[in-house]
$ cat data_29.cif   # mmCIF, C-alpha atoms and all ligand atoms
data_start
#
loop_
_atom_site.label_atom_id
_atom_site.label_comp_id
_atom_site.auth_asym_id
_atom_site.auth_seq_id
_atom_site.Cartn_x
_atom_site.Cartn_y
_atom_site.Cartn_z
CA MET A 588 20.23 25.70 -67.61
CA ARG A 589 20.05 29.39 -66.70
CA PHE A 590 16.95 31.06 -65.20
CA PRO A 591 16.12 34.60 -66.24
CA ARG A 592 17.33 36.97 -63.49
CA PRO A 593 13.89 38.27 -62.36
CA LEU A 594 12.69 34.72 -61.85
CA VAL A 595 15.72 33.89 -59.69
CA LYS A 596 14.87 36.90 -57.57
CA VAL A 597 11.24 35.86 -57.18
CA ILE A 598 12.24 32.35 -56.16
CA ALA A 599 14.85 33.64 -53.73
CA THR A 600 12.39 36.08 -52.14
CA SER A 601 9.70 33.50 -51.68
CA LEU A 602 12.17 31.07 -50.14
CA VAL A 603 13.16 33.72 -47.61
CA GLY A 604 9.47 34.38 -47.05
CA LEU A 605 8.75 30.71 -46.49
CA GLY A 606 11.66 30.45 -44.07
CA LEU A 607 10.37 33.35 -42.00
CA ALA A 608 6.88 31.93 -42.02
CA ALA A 609 8.29 28.64 -40.76
CA VAL A 610 10.06 30.41 -37.91
CA ALA A 611 7.00 32.51 -37.04
CA HIS A 612 4.88 29.37 -36.81
CA ALA A 613 7.54 27.14 -35.34
CA GLN A 614 5.61 24.60 -33.42
CA THR A 615 6.73 22.48 -30.53
CA ALA A 616 4.90 19.18 -30.24
CA TRP A 617 5.02 17.37 -26.91
CA ASP A 618 3.82 13.86 -26.19
CA MET A 619 2.22 13.40 -22.80
CA PRO A 620 1.77 9.85 -21.53
CA THR A 621 -0.65 9.49 -18.59
CA PRO A 622 -1.72 6.34 -16.71
CA TYR A 623 -5.45 6.94 -16.21
CA PRO A 624 -8.47 6.68 -18.54
CA ALA A 625 -9.64 9.55 -20.74
CA ASN A 626 -12.80 10.17 -18.69
CA ASN A 627 -10.96 10.25 -15.35
CA PHE A 628 -11.09 13.68 -13.71
CA HIS A 629 -7.27 14.03 -13.71
CA THR A 630 -7.17 13.33 -17.44
CA GLU A 631 -10.00 15.73 -18.19
CA ASN A 632 -8.13 18.37 -16.22
CA ILE A 633 -4.98 17.63 -18.22
CA GLN A 634 -6.90 17.98 -21.50
CA GLN A 635 -8.12 21.38 -20.36
CA PHE A 636 -4.55 22.32 -19.38
CA ALA A 637 -3.26 21.29 -22.83
CA LYS A 638 -6.01 23.32 -24.48
CA GLU A 639 -5.15 26.40 -22.46
CA VAL A 640 -1.45 26.04 -23.29
CA ASP A 641 -2.33 25.75 -26.96
CA GLU A 642 -4.49 28.86 -26.85
CA ALA A 643 -2.11 30.94 -24.76
CA THR A 644 0.83 30.17 -27.04
CA GLY A 645 -1.17 30.78 -30.21
CA GLY A 646 -0.70 27.14 -31.19
CA LYS A 647 3.08 27.17 -30.69
CA LEU A 648 3.10 24.50 -28.00
CA LYS A 649 0.94 21.48 -28.75
CA ILE A 650 0.60 18.80 -26.09
CA THR A 651 -0.86 15.48 -27.21
CA VAL A 652 -2.25 13.50 -24.29
CA HIS A 653 -1.93 9.69 -24.49
CA ALA A 654 -4.23 8.45 -21.73
CA ASN A 655 -4.62 5.10 -19.98
CA GLY A 656 -1.01 3.96 -20.31
CA SER A 657 -1.41 3.80 -24.09
CA LEU A 658 1.98 5.32 -24.97
CA PHE A 659 3.91 4.24 -21.88
CA LYS A 660 2.63 2.17 -18.99
CA ALA A 661 2.22 3.83 -15.59
CA ASN A 662 5.56 2.57 -14.28
CA GLU A 663 7.44 3.56 -17.47
CA ILE A 664 6.34 7.19 -17.66
CA LYS A 665 9.02 8.74 -15.45
CA ARG A 666 11.84 7.07 -17.33
CA ALA A 667 10.27 7.96 -20.69
CA VAL A 668 10.32 11.67 -19.82
CA GLN A 669 13.77 11.44 -18.23
CA SER A 670 15.19 9.87 -21.36
CA GLY A 671 13.48 12.25 -23.77
CA GLN A 672 11.11 9.69 -25.31
CA ALA A 673 8.31 11.96 -24.09
CA GLN A 674 8.58 15.57 -22.94
CA ILE A 675 5.86 15.77 -20.32
CA GLY A 676 3.90 13.20 -18.31
CA GLU A 677 1.74 12.38 -15.35
CA LEU A 678 2.39 9.92 -12.55
CA ILE A 679 1.32 9.07 -9.02
CA ILE A 680 4.04 10.19 -6.61
CA SER A 681 3.81 7.12 -4.37
CA GLY A 682 4.50 4.89 -7.36
CA LEU A 683 8.11 6.07 -6.99
CA ALA A 684 8.43 5.05 -3.34
CA ASN A 685 11.09 2.42 -4.07
CA GLU A 686 13.40 5.24 -5.25
CA ASP A 687 13.02 7.35 -2.14
CA ALA A 688 10.88 7.13 1.00
CA LEU A 689 9.99 10.78 0.49
CA TYR A 690 7.65 9.71 -2.33
CA ALA A 691 5.69 7.46 0.04
CA LEU A 692 4.64 10.24 2.41
CA ASP A 693 1.18 10.87 0.99
CA THR A 694 0.26 7.19 1.22
CA VAL A 695 1.15 6.80 4.90
CA PRO A 696 -2.26 5.69 6.20
CA PHE A 697 -4.27 8.16 8.27
CA LEU A 698 -1.62 10.88 8.28
CA ALA A 699 -3.68 13.26 6.12
CA THR A 700 -7.19 12.01 5.44
CA GLY A 701 -9.05 15.06 4.12
CA TYR A 702 -8.44 17.72 1.47
CA ALA A 703 -7.34 20.49 3.86
CA ASP A 704 -4.74 18.27 5.55
CA SER A 705 -3.67 16.80 2.26
CA LYS A 706 -2.91 20.30 0.97
CA LYS A 707 -0.90 21.03 4.10
CA LEU A 708 1.06 17.82 3.66
CA TRP A 709 1.88 18.92 0.12
CA GLN A 710 2.85 22.36 1.34
CA ALA A 711 5.26 20.77 3.83
CA SER A 712 6.80 18.32 1.37
CA LYS A 713 6.66 20.02 -2.03
CA ALA A 714 10.12 21.61 -1.98
CA ALA A 715 11.77 18.30 -1.06
CA VAL A 716 9.89 16.40 -3.80
CA GLU A 717 10.80 19.08 -6.34
CA ALA A 718 14.47 18.95 -5.36
CA ARG A 719 14.50 15.16 -5.56
CA LEU A 720 12.97 15.12 -9.05
CA ALA A 721 15.27 17.93 -10.20
CA LYS A 722 18.15 15.47 -9.67
CA ASN A 723 16.57 13.43 -12.48
CA GLY A 724 16.21 16.47 -14.75
CA LEU A 725 12.48 16.73 -14.06
CA LYS A 726 10.36 19.69 -13.10
CA ILE A 727 6.94 19.51 -11.44
CA LEU A 728 4.28 21.65 -13.10
CA TYR A 729 1.44 20.87 -10.74
CA SER A 730 -0.05 18.28 -8.41
CA VAL A 731 -3.62 17.15 -7.72
CA ALA A 732 -4.92 14.76 -5.04
CA TRP A 733 -7.18 11.78 -5.61
CA PRO A 734 -10.29 11.43 -3.45
CA PRO A 735 -9.80 9.61 -0.11
CA GLN A 736 -8.88 5.95 -0.41
CA GLY A 737 -11.33 3.27 0.61
CA LEU A 738 -11.42 -0.50 0.81
CA TYR A 739 -13.36 -2.50 -1.80
CA SER A 740 -14.19 -6.13 -1.22
CA MET A 741 -16.19 -9.01 -2.69
CA THR A 742 -17.27 -10.03 0.79
CA GLU A 743 -18.42 -8.36 3.97
CA LEU A 744 -15.56 -7.34 6.29
CA LYS A 745 -15.97 -7.18 10.05
CA SER A 746 -12.38 -7.14 11.21
CA ILE A 747 -8.91 -7.29 9.80
CA GLY A 748 -9.01 -11.07 10.19
CA ASP A 749 -11.47 -11.24 7.29
CA LEU A 750 -8.66 -10.06 4.99
CA LYS A 751 -6.32 -12.89 5.93
CA GLY A 752 -4.65 -14.37 2.87
CA MET A 753 -6.87 -12.38 0.53
CA LYS A 754 -5.31 -11.21 -2.72
CA ILE A 755 -5.62 -7.44 -2.63
CA ARG A 756 -4.70 -5.11 -5.41
CA SER A 757 -1.97 -2.53 -4.77
CA TYR A 758 -0.75 0.42 -6.87
CA SER A 759 2.38 1.39 -4.94
CA PRO A 760 4.96 -0.03 -2.50
CA THR A 761 3.30 1.65 0.50
CA VAL A 762 -0.10 0.27 -0.41
CA ALA A 763 1.51 -3.16 -0.71
CA ARG A 764 3.04 -2.75 2.76
CA MET A 765 -0.33 -1.82 4.21
CA ILE A 766 -1.92 -4.90 2.65
CA GLU A 767 0.82 -7.07 4.16
CA LEU A 768 0.21 -5.56 7.59
CA MET A 769 -3.51 -6.22 7.14
CA GLY A 770 -2.69 -9.90 6.59
CA GLY A 771 -3.51 -9.84 2.87
CA GLN A 772 -1.43 -10.71 -0.16
CA PRO A 773 -0.55 -7.64 -2.22
CA VAL A 774 -0.74 -7.92 -6.01
CA THR A 775 0.49 -4.93 -8.00
CA VAL A 776 -1.98 -4.00 -10.72
CA GLN A 777 -2.02 -0.66 -12.51
CA ALA A 778 -5.33 1.15 -12.92
CA ALA A 779 -5.41 0.41 -16.66
CA ASP A 780 -5.42 -3.34 -15.92
CA LEU A 781 -7.66 -3.28 -12.88
CA THR A 782 -10.99 -4.24 -14.41
CA GLN A 783 -9.43 -7.31 -15.97
CA ALA A 784 -7.63 -8.31 -12.77
CA LEU A 785 -10.92 -8.14 -10.90
CA SER A 786 -12.99 -9.96 -13.48
CA THR A 787 -10.49 -12.79 -13.80
CA GLY A 788 -10.23 -13.20 -10.04
CA VAL A 789 -6.55 -12.22 -9.82
CA VAL A 790 -7.56 -10.03 -6.88
CA SER A 791 -10.69 -9.94 -4.76
CA ALA A 792 -10.23 -6.66 -2.91
CA ASN A 793 -8.79 -3.26 -3.69
CA LEU A 794 -7.62 -0.09 -1.97
CA THR A 795 -8.40 2.98 -4.02
CA SER A 796 -10.68 5.99 -4.40
CA SER A 797 -14.34 6.22 -5.23
CA ALA A 798 -13.13 7.80 -8.49
CA THR A 799 -11.19 4.74 -9.63
CA GLY A 800 -13.98 2.50 -8.34
CA TYR A 801 -16.29 4.38 -10.66
CA ASP A 802 -13.84 4.49 -13.61
CA THR A 803 -13.35 0.72 -13.46
CA LYS A 804 -17.01 -0.15 -12.80
CA SER A 805 -16.11 -1.83 -9.52
CA TRP A 806 -19.70 -2.92 -8.97
CA GLU A 807 -19.34 -5.51 -11.72
CA ASN A 808 -16.95 -7.49 -9.52
CA LEU A 809 -17.05 -6.10 -5.99
CA SER A 810 -19.96 -5.69 -3.63
CA HIS A 811 -18.70 -3.68 -0.64
CA TYR A 812 -17.06 -0.28 -0.32
CA TYR A 813 -15.69 0.69 3.10
CA ASP A 814 -15.11 4.41 3.17
CA ILE A 815 -12.05 4.25 5.45
CA GLN A 816 -10.53 7.53 4.18
CA ALA A 817 -7.02 6.30 4.66
CA TRP A 818 -5.08 8.89 2.61
CA LEU A 819 -5.28 11.06 -0.52
CA PRO A 820 -2.47 10.12 -2.90
CA LYS A 821 -1.35 12.77 -5.37
CA ASN A 822 -0.52 12.77 -9.04
CA ILE A 823 2.00 15.15 -10.51
CA VAL A 824 2.25 16.56 -13.97
CA PHE A 825 5.93 17.00 -14.70
CA VAL A 826 8.13 18.03 -17.58
CA SER A 827 11.66 17.33 -18.73
CA LYS A 828 13.76 20.31 -17.68
CA LYS A 829 15.55 20.11 -21.01
CA ALA A 830 12.29 20.36 -22.98
CA PHE A 831 11.11 23.18 -20.72
CA ASP A 832 14.34 25.15 -21.13
CA ALA A 833 14.11 24.80 -24.91
CA LEU A 834 10.86 26.79 -24.97
CA ASP A 835 10.86 30.53 -25.55
CA GLN A 836 10.06 32.68 -22.53
CA PRO A 837 6.42 33.45 -23.46
CA SER A 838 5.71 29.73 -23.91
CA ARG A 839 7.31 28.92 -20.54
CA ASP A 840 5.19 31.59 -18.89
CA ALA A 841 2.04 30.31 -20.59
CA LEU A 842 2.81 26.75 -19.48
CA LEU A 843 3.35 27.74 -15.84
CA LYS A 844 0.24 29.87 -15.80
CA ALA A 845 -1.92 27.07 -17.23
CA ALA A 846 -0.32 24.67 -14.71
CA ALA A 847 -1.23 26.90 -11.76
CA ALA A 848 -4.82 27.08 -13.02
CA ALA A 849 -4.92 23.29 -13.51
CA GLU A 850 -3.70 22.72 -9.95
CA GLU A 851 -6.43 24.88 -8.48
CA ARG A 852 -9.13 23.44 -10.74
CA GLY A 853 -7.98 19.85 -10.12
CA TRP A 854 -8.11 20.01 -6.32
CA LYS A 855 -11.52 21.62 -6.49
CA VAL A 856 -12.98 19.04 -8.90
CA SER A 857 -11.45 16.18 -6.91
CA GLU A 858 -13.12 17.36 -3.71
CA GLU A 859 -16.43 18.34 -5.28
CA LYS A 860 -16.78 15.13 -7.26
CA THR A 861 -16.09 12.78 -4.33
CA ALA A 862 -19.72 12.70 -3.18
CA TRP A 863 -20.88 12.16 -6.75
CA TYR A 864 -18.53 9.20 -7.20
CA ILE A 865 -19.76 7.63 -3.98
CA ASP A 866 -23.35 8.11 -5.15
CA GLN A 867 -22.52 6.28 -8.35
CA LEU A 868 -21.22 3.30 -6.36
CA LYS A 869 -24.48 3.28 -4.39
CA ALA A 870 -26.60 3.71 -7.51
CA ASN A 871 -24.90 0.61 -8.88
CA LYS A 872 -25.90 -1.34 -5.79
CA MET A 873 -22.61 -1.45 -3.93
CA LYS A 874 -22.89 -1.54 -0.15
CA VAL A 875 -21.21 1.72 0.79
CA GLN A 876 -20.49 2.16 4.48
CA PRO A 877 -17.89 3.27 7.00
CA ALA A 878 -15.66 0.47 8.26
CA PRO A 879 -17.06 -1.34 11.30
CA GLU A 880 -15.45 0.07 14.45
CA ALA A 881 -13.24 -2.94 15.10
CA LEU A 882 -11.86 -2.89 11.57
CA GLN A 883 -11.24 0.86 11.57
CA ALA A 884 -9.40 0.64 14.92
CA GLU A 885 -7.16 -2.12 13.56
CA LEU A 886 -6.48 -0.15 10.41
CA LEU A 887 -5.54 2.90 12.48
CA LYS A 888 -2.96 0.73 14.28
CA VAL A 889 -1.52 -0.29 10.92
CA GLY A 890 -1.30 3.43 10.12
CA GLU A 891 0.63 4.13 13.31
CA LYS A 892 3.10 1.39 12.55
CA MET A 893 3.55 2.66 9.00
CA THR A 894 4.11 6.21 10.20
CA ALA A 895 6.93 4.95 12.44
CA GLU A 896 8.37 2.89 9.59
CA TRP A 897 8.26 5.90 7.29
CA VAL A 898 10.15 8.12 9.74
CA GLU A 899 12.78 5.46 10.15
CA LYS A 900 13.26 5.18 6.39
CA ALA A 901 13.04 8.87 5.58
CA GLY A 902 15.46 9.86 8.35
CA PRO A 903 15.93 13.36 9.80
CA ASP A 904 14.85 15.06 6.55
CA GLY A 905 11.61 13.11 6.67
CA GLN A 906 11.09 13.91 10.33
CA ALA A 907 11.57 17.62 9.56
CA ILE A 908 8.84 17.43 6.88
CA LEU A 909 6.52 15.65 9.27
CA ASP A 910 7.17 18.27 11.97
CA ALA A 911 6.51 21.07 9.46
CA TYR A 912 3.23 19.40 8.47
CA ARG A 913 2.11 19.01 12.08
CA LYS A 914 2.82 22.68 12.69
CA LEU A 915 0.56 23.60 9.79
CA LYS A 916 -2.32 21.52 11.17
N1 LIG B 1 -6.74 5.72 -8.12
C1 LIG B 1 -5.49 5.25 -8.66
C2 LIG B 1 -4.46 5.72 -7.70
C3 LIG B 1 -5.17 6.24 -6.52
C4 LIG B 1 -6.59 6.26 -6.91
O1 LIG B 1 -7.50 6.73 -6.25
C5 LIG B 1 -5.43 3.77 -8.77
O2 LIG B 1 -6.25 3.09 -8.17
O3 LIG B 1 -4.53 3.26 -9.43
#

$ encode --input "data_29.cif" --output "structure tokens" --more "lines below"
Ligand code: PCA
Amino acid sequence: MRFPRPLVKVIATSLVGLGLAAVAHAQTAWDMPTPYPANNFHTENIQQFAKEVDEATGGKLKITVHANGSLFKANEIKRAVQSGQAQIGELIISGLANEDALYALDTVPFLATGYADSKKLWQASKAAVEARLAKNGLKILYSVAWPPQGLYSMTELKSIGDLKGMKIRSYSPTVARMIELMGGQPVTVQAADLTQALSTGVVSANLTSSATGYDTKSWENLSHYYDIQAWLPKNIVFVSKKAFDALDQPSRDALLKAAAAAEERGWKVSEEKTAWYIDQLKANKMKVQPAPEALQAELLKVGEKMTAEWVEKAGPDGQAILDAYRKLK
């Protein structure tokens, strides 16, 4: 069958037109697995970041956030991005501590216990963490700290002896080590499974922030919160270098700009919301208090031991980071 010539021309022109339109609106869709619930402040910050990227790229780069370990579980997210199953993700740095001691630095107890020090610790260690992740083809976009970590318990604690043999929930190798040194039994439970682990009695104490205590309705299973302010662990939002390099320059610029804004916003919200989170624990009838003196002194000793252990593991490079941090203080 032969088409009349003018018709062929019309069809050909519109095909070219459609092709151009497709290029002009070429859309990149990224999946972003994250470990924490949708209403967590990190996740809300990430949603805002994704929205800003969408707007700044005129809809060319769409990031779909899959919160609460729904696409990949917390401990699968790094590998998923490394292997291209997802393009961007979020994780807690100290969750990687078995790969390299460097990743454990921000969970060394009592090394940096407030926001100002925590920022300095990041300043001193950021380049090394970036270089380490670059070896895996990953690029950090930004990092945000959690509120200070406290100790939740079902019973009153007077000294470290009260933790003897207790099953205590851990989220990273360093936290597990601290629990061991406190005489407890560490049980690794990711945040997404925490409420269940508490309600079924798998663990009866927990080391985490007021934020996660609030997110997981700690008061349903735990009665005491000791505000020991042991450290401020950090999350990173990171991207596969390959996916990043495949973007056009304006999209890369937009992504980096939104990331810088998210970092600033995230640290601010984390710090500002801490008091609010603690108030929520109180409002829900938890006994919120500083650790009794004896307990705090014993915990500080555990911190000293863990600092020494960290230096030994992290070697001269680690020592140099620690020295740089202490100079900034
Ligand atoms: N919440 C996360 C990590 C640190 C924190 O404050 C958790 O408990 O898993």

$ residues_near_ligand --input "data_29.cif" --ligand "ligand LIG 1 (chain B)" --cutoff "10 Å" --atoms "all atoms listed in the file" --output "PDB file with C-alpha atoms, in the frame of the given file"
ATOM      1  CA  PRO A 622      -1.720   6.340 -16.710  1.00  0.00           C
ATOM      2  CA  TYR A 623      -5.450   6.940 -16.210  1.00  0.00           C
ATOM      3  CA  ASN A 627     -10.960  10.250 -15.350  1.00  0.00           C
ATOM      4  CA  ALA A 661       2.220   3.830 -15.590  1.00  0.00           C
ATOM      5  CA  LEU A 678       2.390   9.920 -12.550  1.00  0.00           C
ATOM      6  CA  ILE A 679       1.320   9.070  -9.020  1.00  0.00           C
ATOM      7  CA  ILE A 680       4.040  10.190  -6.610  1.00  0.00           C
ATOM      8  CA  SER A 681       3.810   7.120  -4.370  1.00  0.00           C
ATOM      9  CA  GLY A 682       4.500   4.890  -7.360  1.00  0.00           C
ATOM     10  CA  THR A 694       0.260   7.190   1.220  1.00  0.00           C
ATOM     11  CA  ALA A 732      -4.920  14.760  -5.040  1.00  0.00           C
ATOM     12  CA  TRP A 733      -7.180  11.780  -5.610  1.00  0.00           C
ATOM     13  CA  PRO A 734     -10.290  11.430  -3.450  1.00  0.00           C
ATOM     14  CA  PRO A 735      -9.800   9.610  -0.110  1.00  0.00           C
ATOM     15  CA  GLN A 736      -8.880   5.950  -0.410  1.00  0.00           C
ATOM     16  CA  GLY A 737     -11.330   3.270   0.610  1.00  0.00           C
ATOM     17  CA  ARG A 756      -4.700  -5.110  -5.410  1.00  0.00           C
ATOM     18  CA  SER A 757      -1.970  -2.530  -4.770  1.00  0.00           C
ATOM     19  CA  TYR A 758      -0.750   0.420  -6.870  1.00  0.00           C
ATOM     20  CA  SER A 759       2.380   1.390  -4.940  1.00  0.00           C
ATOM     21  CA  VAL A 762      -0.100   0.270  -0.410  1.00  0.00           C
ATOM     22  CA  THR A 775       0.490  -4.930  -8.000  1.00  0.00           C
ATOM     23  CA  VAL A 776      -1.980  -4.000 -10.720  1.00  0.00           C
ATOM     24  CA  GLN A 777      -2.020  -0.660 -12.510  1.00  0.00           C
ATOM     25  CA  ALA A 778      -5.330   1.150 -12.920  1.00  0.00           C
ATOM     26  CA  ALA A 779      -5.410   0.410 -16.660  1.00  0.00           C
ATOM     27  CA  ASP A 780      -5.420  -3.340 -15.920  1.00  0.00           C
ATOM     28  CA  LEU A 781      -7.660  -3.280 -12.880  1.00  0.00           C
ATOM     29  CA  ASN A 793      -8.790  -3.260  -3.690  1.00  0.00           C
ATOM     30  CA  LEU A 794      -7.620  -0.090  -1.970  1.00  0.00           C
ATOM     31  CA  THR A 795      -8.400   2.980  -4.020  1.00  0.00           C
ATOM     32  CA  SER A 796     -10.680   5.990  -4.400  1.00  0.00           C
ATOM     33  CA  SER A 797     -14.340   6.220  -5.230  1.00  0.00           C
ATOM     34  CA  ALA A 798     -13.130   7.800  -8.490  1.00  0.00           C
ATOM     35  CA  THR A 799     -11.190   4.740  -9.630  1.00  0.00           C
ATOM     36  CA  GLY A 800     -13.980   2.500  -8.340  1.00  0.00           C
ATOM     37  CA  TYR A 801     -16.290   4.380 -10.660  1.00  0.00           C
ATOM     38  CA  ASP A 802     -13.840   4.490 -13.610  1.00  0.00           C
ATOM     39  CA  THR A 803     -13.350   0.720 -13.460  1.00  0.00           C
ATOM     40  CA  TRP A 818      -5.080   8.890   2.610  1.00  0.00           C
ATOM     41  CA  LEU A 819      -5.280  11.060  -0.520  1.00  0.00           C
ATOM     42  CA  PRO A 820      -2.470  10.120  -2.900  1.00  0.00           C
ATOM     43  CA  LYS A 821      -1.350  12.770  -5.370  1.00  0.00           C
ATOM     44  CA  ASN A 822      -0.520  12.770  -9.040  1.00  0.00           C
TER      45      ASN A 822
END

$ atom_distance --input "data_29.cif" --atom1 "atom CA of A:Lys874" --atom2 "atom CA of A:Leu750"
17.4 Å

$ closest_residue --input "data_29.cif" --among "A:Glu663, A:Glu767, A:Asp910, A:Asp814" --to "A:Lys707" --atoms "all atoms listed in the file"
A:Asp910

$ closest_residue --input "data_29.cif" --among "A:Ser657, A:Glu642, A:Ser827, A:Asp687" --to "A:Arg719" --atoms "all atoms listed in the file"
A:Asp687

$ residues_around --input "data_29.cif" --residues "A:Ala643" --least-positions-apart "3" --cutoff "10 Å" --atoms "only C-alpha atoms" --output "list in words"
Ala637, Lys638, Glu639, Val640, Gly646, Lys647, Leu648, Pro837, Ser838, Asp840, Ala841, Leu842, Lys844 and Ala845 of chain A
